[in-house]
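**Q** Take a look at protein_14.csv, CSV, C-alpha atoms and all ligand atoms:
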chain,number,residue,atom,x,y,z
X,586,MET,CA,32.0,-62.6,-24.2
X,587,PHE,CA,32.3,-62.6,-20.4
X,588,ASN,CA,35.3,-64.0,-18.5
X,589,ILE,CA,34.4,-64.1,-14.8
X,590,ILE,CA,37.0,-63.9,-12.1
X,591,ILE,CA,35.9,-64.4,-8.5
X,592,ARG,CA,38.2,-63.7,-5.5
X,593,ASP,CA,37.7,-63.7,-1.7
X,594,THR,CA,39.0,-60.2,-1.0
X,595,TYR,CA,38.8,-56.8,-2.6
X,596,GLU,CA,42.6,-56.6,-2.5
X,597,GLU,CA,43.0,-59.9,-4.5
X,598,LEU,CA,40.3,-58.7,-6.9
X,599,SER,CA,42.1,-55.4,-7.5
X,600,ALA,CA,45.4,-57.2,-8.0
X,601,GLU,CA,43.8,-59.5,-10.6
X,602,ALA,CA,42.2,-56.5,-12.4
X,603,PHE,CA,45.5,-54.8,-12.6
X,604,LYS,CA,47.0,-57.6,-14.7
X,605,PRO,CA,45.3,-56.7,-18.0
X,606,VAL,CA,46.0,-53.0,-17.4
X,607,LYS,CA,49.7,-53.7,-16.9
X,608,GLU,CA,49.7,-55.6,-20.2
X,609,VAL,CA,48.2,-52.5,-22.0
X,610,LEU,CA,50.8,-50.3,-20.3
X,611,LYS,CA,53.5,-52.1,-22.2
X,612,LYS,CA,52.3,-50.6,-25.4
X,613,GLU,CA,54.0,-47.5,-26.8
X,614,HIS,CA,50.9,-45.3,-26.6
X,615,PRO,CA,48.3,-46.8,-24.3
X,616,VAL,CA,44.8,-45.4,-24.0
X,617,LEU,CA,43.0,-46.1,-20.8
X,618,GLY,CA,39.3,-45.6,-20.2
X,619,LEU,CA,38.8,-44.8,-16.5
X,620,ALA,CA,35.9,-44.8,-14.0
X,621,THR,CA,35.2,-43.2,-10.7
X,622,GLY,CA,33.3,-44.7,-7.7
X,623,SER,CA,34.5,-47.1,-5.0
X,624,SER,CA,34.9,-50.2,-7.2
X,625,PRO,CA,38.1,-49.2,-9.1
X,626,VAL,CA,39.9,-47.5,-6.1
X,627,GLY,CA,41.8,-50.8,-5.3
X,628,LEU,CA,42.9,-51.0,-9.0
X,629,TYR,CA,44.2,-47.4,-8.9
X,630,LYS,CA,46.1,-48.3,-5.7
X,631,GLU,CA,47.8,-51.1,-7.6
X,632,MET,CA,48.7,-48.8,-10.5
X,633,ILE,CA,50.2,-46.3,-8.0
X,634,ARG,CA,52.1,-49.1,-6.2
X,635,ASP,CA,53.4,-50.4,-9.5
X,636,HIS,CA,54.5,-47.0,-10.7
X,637,LYS,CA,56.4,-46.4,-7.4
X,638,GLU,CA,57.9,-49.9,-7.2
X,639,ASN,CA,58.6,-50.7,-10.8
X,640,GLY,CA,58.8,-47.3,-12.4
X,641,THR,CA,56.0,-48.0,-14.9
X,642,SER,CA,55.7,-44.7,-16.7
X,643,TYR,CA,52.4,-43.0,-17.8
X,644,GLN,CA,54.2,-40.3,-19.8
X,645,ASN,CA,52.8,-41.7,-23.1
X,646,VAL,CA,49.4,-42.7,-21.6
X,647,VAL,CA,46.2,-41.0,-22.6
X,648,THR,CA,43.1,-41.3,-20.4
X,649,PHE,CA,39.4,-40.8,-20.9
X,650,ASN,CA,37.0,-40.8,-18.0
X,651,LEU,CA,33.5,-42.0,-18.3
X,652,ASP,CA,31.5,-39.2,-16.8
X,653,GLU,CA,31.3,-36.1,-14.8
X,654,TYR,CA,28.6,-34.2,-12.8
X,655,VAL,CA,27.0,-31.1,-14.5
X,656,GLY,CA,26.9,-27.8,-12.7
X,657,ILE,CA,29.7,-28.1,-10.2
X,658,PRO,CA,33.2,-26.5,-10.7
X,659,GLN,CA,36.0,-28.7,-12.0
X,660,ASN,CA,37.8,-28.4,-8.7
X,661,HIS,CA,34.8,-29.1,-6.5
X,662,ALA,CA,35.6,-31.6,-3.8
X,663,GLN,CA,33.2,-34.1,-5.3
X,664,SER,CA,33.8,-33.6,-9.0
X,665,TYR,CA,35.0,-36.7,-10.8
X,666,TYR,CA,38.0,-34.6,-12.0
X,667,THR,CA,39.0,-34.1,-8.4
X,668,PHE,CA,38.3,-37.8,-7.5
X,669,MET,CA,40.6,-39.0,-10.3
X,670,HIS,CA,43.4,-36.7,-9.2
X,671,GLU,CA,43.1,-37.7,-5.5
X,672,ASN,CA,42.9,-41.4,-6.2
X,673,LEU,CA,45.3,-41.7,-9.2
X,674,PHE,CA,46.6,-38.8,-11.2
X,675,ASN,CA,48.4,-37.0,-8.4
X,676,TYR,CA,50.5,-40.2,-7.8
X,677,ILE,CA,51.5,-41.2,-11.3
X,678,ASP,CA,53.4,-39.3,-14.1
X,679,CYS,CA,50.6,-38.9,-16.6
X,680,PRO,CA,50.8,-35.4,-18.2
X,681,GLU,CA,47.8,-33.3,-17.3
X,682,SER,CA,47.3,-32.6,-21.1
X,683,HIS,CA,46.7,-36.3,-21.7
X,684,ILE,CA,43.9,-36.5,-19.1
X,685,HIS,CA,40.3,-36.2,-20.4
X,686,VAL,CA,37.3,-35.8,-18.1
X,687,PRO,CA,34.0,-34.6,-19.5
X,688,GLU,CA,33.7,-30.8,-18.9
X,689,GLY,CA,30.5,-30.7,-16.8
X,690,PHE,CA,31.4,-27.2,-15.6
X,691,ARG,CA,30.8,-25.7,-19.1
X,692,LYS,CA,27.8,-23.5,-19.7
X,693,ASP,CA,27.0,-25.1,-23.0
X,694,GLU,CA,26.4,-28.7,-21.8
X,695,GLU,CA,25.3,-30.1,-25.2
X,696,GLN,CA,28.4,-28.8,-26.9
X,697,ALA,CA,30.6,-30.2,-24.1
X,698,CYS,CA,29.1,-33.6,-24.9
X,699,VAL,CA,29.8,-33.3,-28.7
X,700,ASP,CA,33.4,-32.1,-28.0
X,701,TYR,CA,34.1,-35.0,-25.7
X,702,GLU,CA,32.8,-37.6,-28.1
X,703,ASN,CA,34.8,-36.1,-30.9
X,704,ALA,CA,38.0,-36.1,-28.7
X,705,LEU,CA,37.3,-39.7,-27.7
X,706,LYS,CA,36.9,-40.7,-31.4
X,707,GLN,CA,40.4,-39.5,-32.1
X,708,TYR,CA,41.6,-42.5,-30.1
X,709,SER,CA,41.0,-46.2,-29.6
X,710,VAL,CA,40.6,-47.1,-26.0
X,711,ASP,CA,42.8,-50.2,-25.2
X,712,ILE,CA,41.1,-51.0,-21.9
X,713,GLN,CA,38.0,-49.6,-20.3
X,714,VAL,CA,37.5,-49.8,-16.5
X,715,LEU,CA,33.9,-50.0,-15.4
X,716,GLY,CA,31.8,-50.3,-12.2
X,717,ILE,CA,28.1,-51.2,-12.2
X,718,GLY,CA,25.2,-49.5,-10.4
X,719,ARG,CA,22.6,-51.4,-8.5
X,720,ASP,CA,20.2,-50.7,-11.3
X,721,GLY,CA,22.6,-52.0,-13.9
X,722,HIS,CA,23.9,-48.6,-15.1
X,723,ILE,CA,27.4,-48.3,-16.5
X,724,ALA,CA,28.9,-44.9,-16.6
X,725,PHE,CA,25.8,-42.7,-15.9
X,726,ASN,CA,23.7,-44.6,-18.5
X,727,GLU,CA,20.6,-45.3,-16.5
X,728,PRO,CA,17.9,-47.9,-17.5
X,729,GLY,CA,16.2,-46.9,-20.7
X,730,THR,CA,19.3,-45.3,-22.3
X,731,PRO,CA,19.6,-46.5,-25.9
X,732,PHE,CA,22.3,-48.9,-26.8
X,733,THR,CA,23.3,-46.6,-29.7
X,734,SER,CA,24.0,-43.6,-27.4
X,735,GLU,CA,27.2,-41.6,-27.5
X,736,THR,CA,28.3,-39.0,-25.0
X,737,HIS,CA,25.2,-37.3,-23.7
X,738,LEU,CA,23.5,-35.5,-20.8
X,739,MET,CA,21.7,-37.7,-18.3
X,740,ASP,CA,19.2,-36.9,-15.6
X,741,LEU,CA,20.3,-39.0,-12.6
X,742,THR,CA,17.8,-41.3,-11.0
X,743,GLU,CA,16.7,-40.9,-7.4
X,744,GLU,CA,18.4,-44.3,-6.7
X,745,THR,CA,21.8,-43.2,-8.1
X,746,ARG,CA,21.6,-39.8,-6.3
X,747,THR,CA,20.7,-41.6,-3.1
X,748,ASP,CA,23.7,-43.9,-3.5
X,749,ASN,CA,26.0,-41.0,-4.2
X,750,ALA,CA,24.7,-38.8,-1.3
X,751,ARG,CA,27.3,-40.5,0.9
X,752,PHE,CA,29.9,-38.3,-0.9
X,753,PHE,CA,27.8,-35.1,-0.3
X,754,ASP,CA,27.5,-35.1,3.5
X,755,GLY,CA,24.7,-37.7,3.2
X,756,ASP,CA,22.5,-35.0,1.7
X,757,ILE,CA,20.7,-35.9,-1.6
X,758,ASN,CA,19.9,-32.3,-2.2
X,759,GLN,CA,23.5,-31.5,-2.7
X,760,VAL,CA,23.9,-34.3,-5.3
X,761,PRO,CA,23.8,-32.8,-8.8
X,762,LYS,CA,20.8,-33.8,-10.9
X,763,LYS,CA,22.6,-34.1,-14.2
X,764,ALA,CA,25.8,-35.6,-15.6
X,765,ILE,CA,27.7,-35.9,-18.8
X,766,THR,CA,28.4,-39.5,-19.6
X,767,GLN,CA,29.9,-41.5,-22.4
X,768,GLY,CA,27.1,-43.4,-24.1
X,769,LEU,CA,26.8,-47.2,-24.3
X,770,ALA,CA,28.0,-47.2,-27.9
X,771,SER,CA,31.0,-45.1,-26.9
X,772,ILE,CA,31.9,-47.6,-24.2
X,773,MET,CA,31.4,-50.6,-26.6
X,774,ARG,CA,34.2,-49.2,-28.9
X,775,ALA,CA,36.8,-50.1,-26.3
X,776,LYS,CA,39.0,-53.0,-27.3
X,777,LYS,CA,38.9,-54.7,-23.8
X,778,ILE,CA,36.6,-54.0,-20.8
X,779,ILE,CA,37.2,-54.8,-17.2
X,780,LEU,CA,34.2,-54.5,-14.8
X,781,ILE,CA,34.7,-54.6,-11.0
X,782,ALA,CA,31.8,-55.2,-8.6
X,783,THR,CA,31.7,-56.2,-5.0
X,784,GLY,CA,29.0,-56.7,-2.4
X,785,GLU,CA,25.6,-58.3,-2.3
X,786,ASN,CA,23.8,-55.1,-3.4
X,787,LYS,CA,25.4,-55.6,-6.8
X,788,ALA,CA,24.5,-59.3,-7.2
X,789,GLN,CA,21.2,-58.7,-9.0
X,790,ALA,CA,22.7,-56.2,-11.5
X,791,VAL,CA,25.6,-58.6,-12.1
X,792,TYR,CA,23.2,-61.4,-12.8
X,793,ASP,CA,21.1,-59.3,-15.1
X,794,MET,CA,24.1,-58.2,-17.0
X,795,ILE,CA,25.4,-61.7,-17.6
X,796,LYS,CA,22.4,-63.9,-17.6
X,797,GLY,CA,19.5,-61.6,-18.2
X,798,PRO,CA,17.9,-60.7,-21.5
X,799,LYS,CA,19.8,-58.0,-23.5
X,800,SER,CA,17.6,-55.1,-22.6
X,801,THR,CA,17.9,-51.3,-21.9
X,802,ASN,CA,16.3,-52.1,-18.5
X,803,CYS,CA,19.8,-53.3,-17.6
X,804,PRO,CA,22.2,-51.0,-19.5
X,805,ALA,CA,25.2,-53.3,-18.7
X,806,SER,CA,23.5,-56.1,-20.6
X,807,ILE,CA,24.9,-54.5,-23.8
X,808,LEU,CA,28.2,-55.9,-22.7
X,809,GLN,CA,26.9,-59.4,-23.8
X,810,ASP,CA,27.7,-58.2,-27.3
X,811,HIS,CA,31.3,-57.2,-26.5
X,812,ALA,CA,34.1,-59.6,-27.6
X,813,ASP,CA,36.3,-59.2,-24.5
X,814,VAL,CA,34.8,-58.4,-21.1
X,815,ARG,CA,36.5,-59.5,-17.8
X,816,VAL,CA,34.2,-59.3,-14.8
X,817,TYR,CA,36.0,-59.2,-11.4
X,818,LEU,CA,33.7,-60.1,-8.5
X,819,ASP,CA,33.8,-61.0,-4.8
X,820,LYS,CA,31.6,-63.9,-3.7
X,821,ALA,CA,28.8,-61.6,-2.6
X,822,ALA,CA,28.5,-59.9,-6.0
X,823,ALA,CA,28.7,-63.3,-7.7
X,824,SER,CA,26.1,-64.9,-5.3
X,825,LYS,CA,23.2,-65.0,-7.8
X,826,LEU,CA,25.3,-66.6,-10.6
X,827,ASP,CA,25.5,-70.5,-10.7
M,1,LIG,C1,31.6,-43.9,-12.3
M,1,LIG,C2,30.5,-44.6,-13.0
M,1,LIG,C3,29.4,-45.4,-12.3
M,1,LIG,C4,29.9,-46.3,-11.2
M,1,LIG,C5,28.8,-47.1,-10.6
M,1,LIG,C6,29.2,-47.9,-9.4
M,1,LIG,O1,32.4,-43.2,-13.2
M,1,LIG,O2,30.6,-44.6,-14.2
M,1,LIG,O3,28.7,-46.1,-13.2
M,1,LIG,O4,30.9,-47.2,-11.8
M,1,LIG,O5,27.8,-46.2,-10.1
M,1,LIG,O6,29.8,-47.1,-8.4
M,1,LIG,P1,30.6,-47.7,-7.2
M,1,LIG,O7,31.8,-48.3,-7.7
M,1,LIG,O8,30.9,-46.6,-6.3
M,1,LIG,O9,29.7,-48.8,-6.5
Mind turning this structure into structure tokens?

**A**
Amino acid sequence: MFNIIIRDTYEELSAEAFKPVKEVLKKEHPVLGLATGSSPVGLYKEMIRDHKENGTSYQNVVTFNLDEYVGIPQNHAQSYYTFMHENLFNYIDCPESHIHVPEGFRKDEEQACVDYENALKQYSVDIQVLGIGRDGHIAFNEPGTPFTSETHLMDLTEETRTDNARFFDGDINQVPKKAITQGLASIMRAKKIILIATGENKAQAVYDMIKGPKSTNCPASILQDHADVRVYLDKAAASKLD
């Protein structure tokens, strides 16, 4: 079931998205599912602000990220491991041993997927943060990915690599061709999901996710089957909805 929250500014949207996260942080052992990309950066700023101002502790928090590029070192400037540290982990007190990001740097990529899914299954994610791609992807599950998928290797589409080239000196040739990603079934196990999307270029994907047929053409449409999804939109991203 979708609960749709529309706000004028990205700051307001991020503050709204932080509310359910803050609720989860009151638990004794919270498990957070985290995403990279531009969409959740405002939420992470809220988490950092709250940690500084209110002393909210992450000592007992365990985190699992959605995805990671394959074939670049963990400490590469554009790895999702680095992104998460620069945008969140370096500013809160979550122990490094509680942080999980798929190990795209490992030689045995298939085994890295199996190990990640097994680690994830030891926990129950209380809240999963998501963005959405223009083609309706969530995590790196591109159109055509089966709804039953668990953590797996994904060939990135030209569209996604073009979108992400902005982080690689605008050069698509530097963007990795593969990623390790949680599958759609892995994501669906989370108890609560919050999805953040802004801008007109997300409007069609948002519409297809909520109103379109449930189809692997729009991987995010699987969320129609989830009991608790909150979608945080600005007016542009919501513009195709009624
Ligand atoms: C990132 C991820 C991706 C992004 C999506 C939107 O971990 O899983 O699915 O959420 O590509 O990216 P942004 O937020 O940069 O528009």

**Q** Given the choices X:Pro731, X:Pro687, X:Gly640, X:Pro625, which gets closest to Leu673 in chain X if the distance is worked out from only C-alpha atoms?

**A**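 Closest to Leu673 in chain X, using only C-alpha atoms: X:Pro625.
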
**Q** Please return as number ranges by chain the residues found within 10 Å of ligand LIG 1 (chain M), counting all atoms listed in the file.

**A** X: 619-626, 650-654, 665, 668-669, 714-727, 745-746, 748-749, 752, 766-767, 780-784, 786-787, 805

**Q** How many Å lie between CA of Cys698 in chain X and CA of Thr736 in chain X, rounded to one decimal?

**A**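 Spanning CA of Cys698 in chain X to CA of Thr736 in chain X is a straight-line distance of 5.5 Å.
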
**Q** Name all residues at most 12 Å from Val814 in chain X (count all atoms listed in the file; drop same-chain ones fewer than 2 positions away) and give them as a PyMOL selection string.

**A** chain X and resi 586-590+602+605+712-715+772-773+775-781+794-795+805-812+816-817

**Q** I'd like the interatomic distance between CA of Asp700 in chain X and CA of Leu741 in chain X, to a tenth of an Å.

**A** 21.4 Å

**Q** Hey, which of X:Asn802, X:Ser682, X:Thr594, X:Thr742 ends up closest to Lys763 in chain X? Count only C-alpha atoms.

**A**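 Distance minimum relative to Lys763 in chain X lands on X:Thr742.
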
**Q** For the atom pair CA of Gly618 in chain X and CA of Val686 in chain X, what is the interatomic distance in Å to one decimal place?

**A**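 CA of Gly618 in chain X sits 10.2 Å away from CA of Val686 in chain X.
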
**Q** Using only C-alpha atoms, which of X:Arg592, X:Arg774, X:Arg751, X:His685 sits nearest Asp813 in chain X?

**A**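 Closest candidate: X:Arg774.
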
**Q** As JSON, numbers by chain, please: the residues near Ser642 in chain X (cut-off 9 Å, all atoms listed in the file, same-chain neighbours under 5 positions excluded).

**A** {"X": [610, 636, 677, 678, 679]}

**Q** Which is closer to Thr730 in chain X than all the others in X:Gly627, X:Gly768, X:Pro798, X:Pro658, using all atoms listed in the file?

**A** X:Gly768

**Q** Given all atoms listed in the file as the basis, pick out the residue of X:Glu702, X:Asp756, X:Glu608, X:Asp793 nearest to Phe649 in chain X.

**A**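 For Phe649 in chain X, the nearest of the given residues is X:Glu702.
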
**Q** Restricting the calculation to only C-alpha atoms: of X:Leu769, X:Met739, X:Ala704, X:Ile684, which residue gets closest to Val655 in chain X?

**A** X:Met739

**Q** Skipping near chain neighbours, those fewer than 5 positions away, what residues fall within 10 Å of Ser824 in chain X using all atoms listed in the file, listed as a PDB file with C-alpha atoms, in the coordinates of the input?

**A**
ATOM      1  CA  GLY X 784      29.000 -56.700  -2.400  1.00  0.00           C
ATOM      2  CA  GLU X 785      25.600 -58.300  -2.300  1.00  0.00           C
ATOM      3  CA  LYS X 787      25.400 -55.600  -6.800  1.00  0.00           C
ATOM      4  CA  ALA X 788      24.500 -59.300  -7.200  1.00  0.00           C
ATOM      5  CA  GLN X 789      21.200 -58.700  -9.000  1.00  0.00           C
ATOM      6  CA  VAL X 791      25.600 -58.600 -12.100  1.00  0.00           C
ATOM      7  CA  TYR X 792      23.200 -61.400 -12.800  1.00  0.00           C
ATOM      8  CA  LEU X 818      33.700 -60.100  -8.500  1.00  0.00           C
ATOM      9  CA  ASP X 819      33.800 -61.000  -4.800  1.00  0.00           C
TER      10      ASP X 819
END
